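J.: I am attaching a structure below and will ask some questions about it afterwards.
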Amino acid sequence: MDREPSERADVCVVGAGPAGALIASQLASEGQKVVVLEAGPRFDRSKREQQMEETIRPGDHGSVWEMGGDRDAFSASGDRYYPLNISRVKGVGGSTLHWQGMVMRLHPSDFDGSHDTDDPAWPISYDDLRPYYADAERALGVAGDADNPFAPPREEPTYPLPGFPPSYSDSLFAEACEQLGITMHSVPNARNSEPYDGRGPCVGYGTCQPVCPSGAKYDASVHIEDAEAEGTKVIDRAPVQRLVTDADGRIEAAVYATPDGTEHRQSAREFVIAAGGVETPRLLLLSANDDHPDGLANSSGLVGHYFMDHLFAGAGGTLDRETRQNHVGFLTSECHQFYDDPGQAVARVADGETVVESSDEALSPLKLEFLNYAGPSPVELALSGEEWGDTLLSSLRDSYGNSIAMGGLVGQPPRKENRVTLDTATTDDHGNPVPDIQWSWGDRLERSLSRANEIQHAVLSELGVDISWTVGPADTGPAYHHMGTTRMGTDPQKSVVNPQLQTHDVPNLSIASSSVFVTAGSMNPTLTIAALALKCADHISERL
């Protein structure tokens with residue numbers, strides 16, 4: 001493959017995940033000369049059925065997306081250990097190669113800071129991003145039904161594709177939720193419910209994480225291919241080592257390495273970092289020079305600070321009837337009723353008996369999920385067992401079919417001490433310091449997790465579930481949504497990028513990533529990442 005730099009480029013994009021792919025596709029369609037530099041490989045789509053088979057067989061096969069080793073080394077020196085590599089894919093498509101595919105918009109309250117907390121407002125409003133949300137839904141091919149009474153206003157009543165029907169276990173949850181006055185609604189998904197954009201519909205493999213063999217679930221390689229069709233050059237296995245500035249303080253070149261160890265310099269008029277919430281601040285810090293001794297675009301000293309994630313809350317057990325869990329690999333129903341009012345009480349509709357008391361304490365927004373994959377799957381049981389024939393069939397019938405669970409996400413408040421910095425004592429395969437995640441939680445997050453558990457227990461108990469496990473403040477973990485390390489703002493002393501996603505310090509450098517998020521909300525971030533990327537592309541186009 002030709003990994004030489006292009007002689008002329010209008011835009012150099014670092015990262016081939018959803019943000020970088022959408023920017024490259026849009027700018028290339030407008031006639032701009034674009035080069036995309038991606039640290040990881042280009043994966044062969046024809047091998048995805050093989051990857052699926054590897055993931056469901058027992059034993060440790062390692063990452064089907066080739067994560068690990070010196071290339072992906074990291075440190076986690078904070079109060080809480082952060083398992084970074086579980087969440088990452090380096091390659092063309094980025095983390096959308098193994099994401100679940102849920103795509104919902106943040107609420108207006110997330111942008112304007114009107115939650116009953118001290119979280120700051122964004123410098124843009126929901127209305128500013130609203131048209132880009134619609135464009136992002138079309139670009140990703142979102143399937144959904146407009147049945148969520150708690151969702152923010154839409155400019156169009158329908159999604160690009162019809163939503164997926166509720167799963168069988170959703171109907172069981174609905175019985176209990178109706179008794180408790182809790183509203184269930186559908187989940188918008190970036191997967192085809194019918195043919196769309198040259199890709200077929202979901203065929204129900206059920207292995208959405210980490211592999212969608214059919215291609216029905218969107219991944220960013222779709223827009224990378226669109227960009228290439230318009231003349232974009234995509235160089236894989238080309239990790240950017242640093243960005244080099246000229247005498248005027250503009251980016252002159254991105255220095256990248258190729259598999260043989262050679263370094264190259266890609267020049268361009270405009271540069272975009274679209275490398276996620278960890279590698280984006282890392283690259284800025286690695287690009288320190290005499291004119292930028294604390295790292296590039298870091299006059300505020302905030303590059304890497306305010307690292308945020310969503311934390312998981314969940315509970316489950318068994319029911320005395322069939323639940324048909326593990327028949328669907330993704331969520332079809334959720335509840336956003338407690339998003340803007342997480343402290344509201346829950347009472348039985350029939351007799352008014354309170355089952356969850358109201359709370360006046362500051363809480364993060366809560367997003368509740370009705371899971372479709374509780375307990376072991378029959379495939380896992382069969383492959384890991386040592387029985388055969390009728391004995392195996394009997395064991396499967398005894399062990400599978402009555403598990404049920406709820407999940408949910410709780411947004412982490414922005415805390416300055418949570419940060420991504422460089423571990424100079426540990427280096428990657430090119431001798432660069434690895435990222436160090438310094439992560440902690442705080443009281444509000446723990447209260448919010450407990451609140452989510454209370455509501456989940458109320459629903460499961462109403463349903464008659466024998467609750468056998470709970471994941472809450474004592475034993476939760478991240479949803480692997482990296483946010484907040486190059487936050488957006490209007491004050492250069494308090495933020496890294498402006499509302500146009502352009503860095504305050506370097507006029508020809510933009511950042512398209514969840515790293516610009518000011519707050520985390522509690523919604524899965526990819527649709528907002530996509531909307532911000534399309535907004536960023538418009539501003540770059542105006543400058544060009």
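By convention here, the chains of the structure tokens are called A, B, ... in the order presented, each chain's residues are numbered starting at 1, and ligands are numbered starting at 1 in the order presented.
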Within 12 Å of Phe307 (chain A), counting only C-alpha atoms, which residues qualify if same-chain residues fewer than 2 places away don't, as a ChimeraX atom specification?
T.: /A:78,82,276-278,280-281,302-305,309-310,411-421,436-441,480-487,514-520
J.: Selected residues, C-alpha atoms, written as a tab-separated table (two decimals), in the first residue's frame, please.
T.:
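Just written: result25.tsv:
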chain	number	residue	atom	x	y	z
A	78	GLY	CA	-6.09	7.37	39.57
A	82	TYR	CA	-9.68	2.53	34.24
A	276	GLY	CA	-11.31	10.09	20.76
A	277	GLY	CA	-11.24	11.31	24.33
A	278	VAL	CA	-7.89	9.71	25.22
A	280	THR	CA	-6.70	13.36	21.24
A	281	PRO	CA	-5.28	15.00	24.39
A	302	LEU	CA	-6.88	22.15	30.45
A	303	VAL	CA	-5.85	19.67	27.76
A	304	GLY	CA	-6.57	16.25	29.24
A	305	HIS	CA	-8.67	17.56	32.16
A	309	ASP	CA	-17.51	8.50	31.36
A	310	HIS	CA	-20.89	6.94	31.93
A	411	GLY	CA	-23.43	10.44	33.70
A	412	GLN	CA	-20.27	11.37	35.54
A	413	PRO	CA	-19.99	15.02	36.65
A	414	PRO	CA	-17.07	16.98	35.13
A	415	ARG	CA	-14.23	17.00	37.68
A	416	LYS	CA	-10.99	18.78	36.84
A	417	GLU	CA	-8.87	16.22	38.69
A	418	ASN	CA	-10.07	13.49	36.32
A	419	ARG	CA	-7.63	13.68	33.47
A	420	VAL	CA	-5.55	12.09	30.74
A	421	THR	CA	-1.86	12.86	30.96
A	436	ASP	CA	-2.26	7.75	31.89
A	437	ILE	CA	-5.90	7.83	33.07
A	438	GLN	CA	-6.43	9.51	36.43
A	439	TRP	CA	-10.02	8.72	37.36
A	440	SER	CA	-12.26	9.11	40.41
A	441	TRP	CA	-16.01	9.27	41.03
A	480	TYR	CA	-16.34	3.17	27.85
A	481	HIS	CA	-17.60	6.51	26.56
A	482	HIS	CA	-14.53	8.77	26.83
A	483	MET	CA	-15.55	12.41	27.07
A	484	GLY	CA	-14.41	15.85	28.11
A	485	THR	CA	-10.62	16.12	27.74
A	486	THR	CA	-10.56	19.11	25.34
A	487	ARG	CA	-13.72	20.88	26.44
A	514	SER	CA	-16.44	13.51	22.49
A	515	SER	CA	-13.38	15.12	24.07
A	516	VAL	CA	-15.07	18.51	23.46
A	517	PHE	CA	-18.11	17.58	25.61
A	518	VAL	CA	-18.61	19.99	28.51
A	519	THR	CA	-20.84	17.58	30.41
A	520	ALA	CA	-21.49	13.89	29.92
J.: Excluding same-chain residues fewer than 6 positions from Asp72 (chain A), what lies within 9 Å of it counting only C-alpha atoms, as a list in words?
T.: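 Everything that qualifies: Asn85, Lys90, Asp428, Asp429 and Val434 of chain A.
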J.: Would you write out those residues with C-alpha atoms, as a PDB file, in the first residue's frame?
T.:
ATOM      1  CA  ASN A  85      -8.243  -1.202  26.160  1.00  0.00           C
ATOM      2  CA  LYS A  90      -7.764   1.220  16.571  1.00  0.00           C
ATOM      3  CA  ASP A 428       4.633   2.613  23.265  1.00  0.00           C
ATOM      4  CA  ASP A 429       6.109   0.804  20.277  1.00  0.00           C
ATOM      5  CA  VAL A 434       1.618   6.264  26.939  1.00  0.00           C
TER       6      VAL A 434
END
J.: For Lys494 (chain A), work out the shell of residues within 9 Å, counting only C-alpha atoms and skipping chain neighbours fewer than 3 positions away, then give it as a list in words.
T.: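 The residues that qualify are Ser300, Gly301, Leu302, Arg487, Met488, Gly489, Thr490 and Asp491 of chain A.
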J.: Could the residues in this selection be saved with N, CA and C atoms as a short mmCIF file (atom, residue, chain, number, x, y, z; two decimals), in the first residue's frame?
T.:
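Generated output (part_22.cif):
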data_model
loop_
_atom_site.label_atom_id
_atom_site.label_comp_id
_atom_site.auth_asym_id
_atom_site.auth_seq_id
_atom_site.Cartn_x
_atom_site.Cartn_y
_atom_site.Cartn_z
N SER A 300 -4.58 27.16 28.12
CA SER A 300 -5.49 27.12 29.28
C SER A 300 -5.00 26.15 30.35
N GLY A 301 -4.10 25.24 29.96
CA GLY A 301 -3.68 24.19 30.88
C GLY A 301 -4.72 23.10 31.09
N LEU A 302 -5.76 23.08 30.24
CA LEU A 302 -6.88 22.15 30.45
C LEU A 302 -6.87 20.95 29.52
N ARG A 487 -12.36 20.35 26.37
CA ARG A 487 -13.72 20.88 26.44
C ARG A 487 -13.93 22.14 25.61
N MET A 488 -15.16 22.31 25.20
CA MET A 488 -15.58 23.44 24.38
C MET A 488 -15.96 24.63 25.26
N GLY A 489 -15.67 25.85 24.79
CA GLY A 489 -16.07 27.05 25.52
C GLY A 489 -15.73 28.30 24.75
N THR A 490 -16.17 29.45 25.25
CA THR A 490 -15.89 30.72 24.61
C THR A 490 -14.68 31.42 25.23
N ASP A 491 -14.29 31.04 26.44
CA ASP A 491 -13.17 31.65 27.14
C ASP A 491 -11.92 30.80 26.94
#
J.: Got a sec: who's within 12 Å of region 48-56 of chain A, counting only C-alpha atoms, leaving out chain neighbours fewer than 5 positions off, as number ranges by chain?
T.: A: 43, 61-66, 97-98, 205-215, 376-384
J.: Could you save those same residues with N, CA, C and O atoms as a compact mmCIF listing (two decimals), in the first residue's frame?
T.:
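Dumped everything to result.txt:
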# COMPACT_ATOMS: atom_id res chain seq x y z
N PHE A 43 -9.60 -3.37 8.41
CA PHE A 43 -10.04 -4.75 8.61
C PHE A 43 -10.81 -5.25 7.39
O PHE A 43 -11.51 -4.49 6.72
N HIS A 61 -9.22 -15.84 23.12
CA HIS A 61 -8.67 -15.68 21.77
C HIS A 61 -8.05 -14.30 21.57
O HIS A 61 -7.58 -13.98 20.47
N GLY A 62 -8.07 -13.48 22.63
CA GLY A 62 -7.59 -12.12 22.46
C GLY A 62 -8.61 -11.27 21.74
O GLY A 62 -9.73 -11.69 21.46
N SER A 63 -8.24 -10.06 21.42
CA SER A 63 -9.14 -9.13 20.77
C SER A 63 -9.26 -9.45 19.28
O SER A 63 -8.26 -9.53 18.57
N VAL A 64 -10.50 -9.61 18.80
CA VAL A 64 -10.68 -9.83 17.37
C VAL A 64 -10.35 -8.56 16.59
O VAL A 64 -10.20 -8.61 15.37
N TRP A 65 -10.24 -7.43 17.30
CA TRP A 65 -9.88 -6.17 16.65
C TRP A 65 -8.41 -5.82 16.90
O TRP A 65 -7.99 -4.68 16.75
N GLU A 66 -7.62 -6.80 17.32
CA GLU A 66 -6.15 -6.69 17.38
C GLU A 66 -5.65 -5.64 18.36
O GLU A 66 -4.60 -5.04 18.18
N LEU A 97 -16.79 -0.20 15.22
CA LEU A 97 -16.68 -1.59 14.79
C LEU A 97 -17.25 -2.54 15.84
O LEU A 97 -17.70 -3.63 15.51
N HIS A 98 -17.20 -2.13 17.13
CA HIS A 98 -17.68 -3.05 18.17
C HIS A 98 -18.70 -2.42 19.10
O HIS A 98 -19.01 -2.99 20.15
N TYR A 205 -28.03 -12.03 13.96
CA TYR A 205 -26.92 -12.84 14.47
C TYR A 205 -26.85 -12.75 16.01
O TYR A 205 -26.49 -13.69 16.68
N GLY A 206 -27.15 -11.56 16.54
CA GLY A 206 -27.14 -11.39 17.99
C GLY A 206 -25.77 -11.20 18.60
O GLY A 206 -25.62 -11.24 19.81
N THR A 207 -24.75 -10.96 17.78
CA THR A 207 -23.39 -10.75 18.29
C THR A 207 -22.96 -9.31 18.06
O THR A 207 -21.81 -9.03 17.73
N CYS A 208 -23.88 -8.37 18.25
CA CYS A 208 -23.66 -6.97 17.91
C CYS A 208 -22.39 -6.42 18.55
O CYS A 208 -21.72 -5.55 17.99
N GLN A 209 -22.08 -6.86 19.74
CA GLN A 209 -20.82 -6.54 20.38
C GLN A 209 -20.08 -7.85 20.61
O GLN A 209 -20.61 -8.72 21.32
N PRO A 210 -18.92 -8.06 20.00
CA PRO A 210 -18.11 -7.08 19.30
C PRO A 210 -18.18 -7.13 17.77
O PRO A 210 -17.44 -6.40 17.13
N VAL A 211 -19.03 -7.97 17.19
CA VAL A 211 -18.98 -8.12 15.74
C VAL A 211 -20.39 -8.14 15.15
O VAL A 211 -21.25 -8.89 15.63
N CYS A 212 -20.62 -7.33 14.12
CA CYS A 212 -21.82 -7.45 13.29
C CYS A 212 -21.38 -8.02 11.95
O CYS A 212 -20.85 -7.28 11.11
N PRO A 213 -21.54 -9.32 11.72
CA PRO A 213 -21.04 -9.91 10.47
C PRO A 213 -21.79 -9.44 9.23
O PRO A 213 -21.23 -9.43 8.14
N SER A 214 -23.07 -9.06 9.39
CA SER A 214 -23.89 -8.77 8.21
C SER A 214 -23.68 -7.37 7.65
O SER A 214 -24.03 -7.10 6.51
N GLY A 215 -23.13 -6.45 8.47
CA GLY A 215 -22.97 -5.07 8.03
C GLY A 215 -24.23 -4.24 8.19
O GLY A 215 -24.28 -3.08 7.74
N PRO A 376 -26.61 -16.68 30.61
CA PRO A 376 -25.82 -17.31 29.54
C PRO A 376 -26.69 -17.62 28.33
O PRO A 376 -27.88 -17.89 28.45
N SER A 377 -26.06 -17.57 27.17
CA SER A 377 -26.77 -17.96 25.96
C SER A 377 -26.66 -19.47 25.79
O SER A 377 -25.72 -20.10 26.30
N PRO A 378 -27.58 -20.09 25.06
CA PRO A 378 -27.46 -21.53 24.84
C PRO A 378 -26.20 -21.92 24.10
O PRO A 378 -25.66 -22.99 24.32
N VAL A 379 -25.72 -21.03 23.24
CA VAL A 379 -24.47 -21.31 22.52
C VAL A 379 -23.31 -21.38 23.50
O VAL A 379 -22.48 -22.31 23.46
N GLU A 380 -23.24 -20.40 24.41
CA GLU A 380 -22.17 -20.41 25.41
C GLU A 380 -22.23 -21.66 26.28
O GLU A 380 -21.22 -22.29 26.57
N LEU A 381 -23.43 -22.02 26.71
CA LEU A 381 -23.59 -23.21 27.55
C LEU A 381 -23.17 -24.47 26.81
O LEU A 381 -22.48 -25.34 27.36
N ALA A 382 -23.58 -24.58 25.56
CA ALA A 382 -23.25 -25.79 24.80
C ALA A 382 -21.76 -25.90 24.51
O ALA A 382 -21.17 -26.98 24.63
N LEU A 383 -21.13 -24.76 24.16
CA LEU A 383 -19.72 -24.81 23.81
C LEU A 383 -18.81 -24.99 25.02
O LEU A 383 -17.70 -25.50 24.89
N SER A 384 -19.26 -24.56 26.17
CA SER A 384 -18.42 -24.65 27.37
C SER A 384 -18.69 -25.91 28.18
O SER A 384 -17.96 -26.22 29.11
J.: So which residues of region 28-60 of chain A fall under helix (DSSP H, G or I) by DSSP, listed as a list in words?
T.: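 Filtering region 28-60 of chain A down to helix (DSSP H, G or I) leaves Ala28, Ser29, Arg45, Ser46, Lys47, Arg48, Glu49, Gln50, Gln51, Met52, Glu53, Glu54, Thr55 and Ile56 of chain A.
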J.: Need the shell around region 332-335 of chain A: protein/DNA/RNA residues with any atom at most 9 Å away, counting only C-alpha atoms. Skip same-chain ones fewer than 2 positions apart. Format as a list of chain:residue names?
T.: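 After dropping sequence-adjacent residues, the list is A:Asn148, A:Phe150, A:Gly163, A:Phe164, A:Pro165, A:Pro166, A:Ser167, A:Asp170, A:Ile182, A:Thr183, A:Met184, A:His185, A:Ser186, A:Val187, A:Pro188, A:Asn189, A:Val328, A:Phe330, A:Gln337, A:Phe338, A:Tyr339, A:Leu366, A:Lys367, A:Leu368, A:Glu369, A:Phe370, A:Leu371, A:Asn372, A:Gly408.
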J.: Those same residues, written as a short mmCIF file (atom, residue, chain, number, x, y, z; two decimals), in the first residue's frame with N, CA, C and O atoms?
T.:
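Dumped to result_31.cif:
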data_model
loop_
_atom_site.label_atom_id
_atom_site.label_comp_id
_atom_site.auth_asym_id
_atom_site.auth_seq_id
_atom_site.Cartn_x
_atom_site.Cartn_y
_atom_site.Cartn_z
N ASN A 148 -41.15 8.30 22.17
CA ASN A 148 -40.54 8.65 23.46
C ASN A 148 -41.06 10.02 23.91
O ASN A 148 -40.66 11.05 23.37
N PHE A 150 -40.35 11.70 26.42
CA PHE A 150 -39.35 12.47 27.15
C PHE A 150 -38.20 12.93 26.24
O PHE A 150 -37.28 13.60 26.70
N GLY A 163 -38.50 1.67 13.34
CA GLY A 163 -37.86 1.08 14.50
C GLY A 163 -38.02 -0.43 14.55
O GLY A 163 -38.84 -1.02 13.85
N PHE A 164 -37.21 -1.05 15.40
CA PHE A 164 -37.31 -2.48 15.63
C PHE A 164 -38.44 -2.76 16.63
O PHE A 164 -38.63 -2.00 17.58
N PRO A 165 -39.17 -3.83 16.45
CA PRO A 165 -40.26 -4.13 17.39
C PRO A 165 -39.71 -4.49 18.77
O PRO A 165 -38.57 -4.95 18.89
N PRO A 166 -40.51 -4.29 19.82
CA PRO A 166 -40.05 -4.67 21.16
C PRO A 166 -39.78 -6.18 21.23
O PRO A 166 -40.47 -6.98 20.59
N SER A 167 -38.79 -6.54 22.01
CA SER A 167 -38.48 -7.95 22.21
C SER A 167 -39.54 -8.59 23.11
O SER A 167 -40.34 -7.90 23.76
N ASP A 170 -39.32 -7.44 26.65
CA ASP A 170 -39.86 -6.09 26.84
C ASP A 170 -41.33 -6.14 27.23
O ASP A 170 -41.80 -5.33 28.03
N ILE A 182 -44.49 3.75 35.10
CA ILE A 182 -43.21 3.99 34.41
C ILE A 182 -43.41 3.76 32.91
O ILE A 182 -43.95 2.73 32.50
N THR A 183 -43.01 4.72 32.12
CA THR A 183 -43.23 4.67 30.67
C THR A 183 -42.04 4.04 29.95
O THR A 183 -40.91 4.50 30.09
N MET A 184 -42.31 2.99 29.20
CA MET A 184 -41.30 2.40 28.32
C MET A 184 -41.47 2.97 26.92
O MET A 184 -42.57 3.37 26.52
N HIS A 185 -40.38 3.00 26.18
CA HIS A 185 -40.43 3.46 24.79
C HIS A 185 -39.30 2.80 24.02
O HIS A 185 -38.41 2.16 24.61
N SER A 186 -39.30 2.96 22.73
CA SER A 186 -38.32 2.29 21.87
C SER A 186 -36.96 2.97 21.94
O SER A 186 -36.81 4.08 22.44
N VAL A 187 -35.96 2.27 21.41
CA VAL A 187 -34.57 2.74 21.37
C VAL A 187 -34.17 2.99 19.92
O VAL A 187 -34.28 2.07 19.10
N PRO A 188 -33.72 4.18 19.56
CA PRO A 188 -33.19 4.37 18.21
C PRO A 188 -31.85 3.66 18.05
O PRO A 188 -30.99 3.75 18.93
N ASN A 189 -31.70 2.94 16.97
CA ASN A 189 -30.51 2.15 16.71
C ASN A 189 -29.91 2.49 15.35
O ASN A 189 -30.65 2.66 14.38
N VAL A 328 -31.99 -11.45 21.19
CA VAL A 328 -31.71 -10.21 20.50
C VAL A 328 -30.41 -9.65 21.06
O VAL A 328 -30.22 -9.61 22.27
N PHE A 330 -29.30 -6.57 20.95
CA PHE A 330 -29.29 -5.14 21.23
C PHE A 330 -30.58 -4.77 21.95
O PHE A 330 -31.53 -5.56 22.04
N GLN A 337 -37.74 8.47 31.52
CA GLN A 337 -38.62 9.22 32.41
C GLN A 337 -37.87 9.90 33.55
O GLN A 337 -38.29 10.94 34.05
N PHE A 338 -36.73 9.31 33.95
CA PHE A 338 -35.98 9.83 35.08
C PHE A 338 -34.75 10.62 34.63
O PHE A 338 -33.83 10.84 35.41
N TYR A 339 -34.74 11.03 33.38
CA TYR A 339 -33.58 11.74 32.85
C TYR A 339 -33.52 13.17 33.38
O TYR A 339 -32.54 13.60 33.97
N LEU A 366 -30.68 9.96 34.68
CA LEU A 366 -30.70 8.50 34.66
C LEU A 366 -31.33 8.01 33.37
O LEU A 366 -32.41 8.45 32.98
N LYS A 367 -30.67 7.08 32.70
CA LYS A 367 -31.21 6.41 31.52
C LYS A 367 -31.35 4.93 31.88
O LYS A 367 -30.35 4.27 32.16
N LEU A 368 -32.58 4.42 31.89
CA LEU A 368 -32.83 3.04 32.27
C LEU A 368 -33.01 2.18 31.03
O LEU A 368 -33.64 2.59 30.04
N GLU A 369 -32.48 0.97 31.08
CA GLU A 369 -32.47 0.06 29.93
C GLU A 369 -33.10 -1.28 30.32
O GLU A 369 -32.87 -1.79 31.42
N PHE A 370 -33.84 -1.84 29.40
CA PHE A 370 -34.43 -3.16 29.58
C PHE A 370 -33.61 -4.14 28.73
O PHE A 370 -33.73 -4.16 27.51
N LEU A 371 -32.79 -4.91 29.40
CA LEU A 371 -31.78 -5.69 28.70
C LEU A 371 -32.40 -6.89 27.97
O LEU A 371 -33.41 -7.45 28.40
N ASN A 372 -31.76 -7.27 26.88
CA ASN A 372 -32.18 -8.42 26.09
C ASN A 372 -31.17 -9.56 26.13
O ASN A 372 -31.28 -10.51 25.35
N GLY A 408 -28.64 0.45 32.93
CA GLY A 408 -28.81 1.89 32.86
C GLY A 408 -27.47 2.60 32.87
O GLY A 408 -26.45 2.02 33.23
#
J.: Can you work out which one of A:Ala288, A:Leu172, A:Ala257, A:Ala268 has the shortest atom-to-atom distance to Glu7 (chain A), counting only C-alpha atoms?
T.: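 Closest to Glu7 (chain A) of all the choices is A:Ala268.
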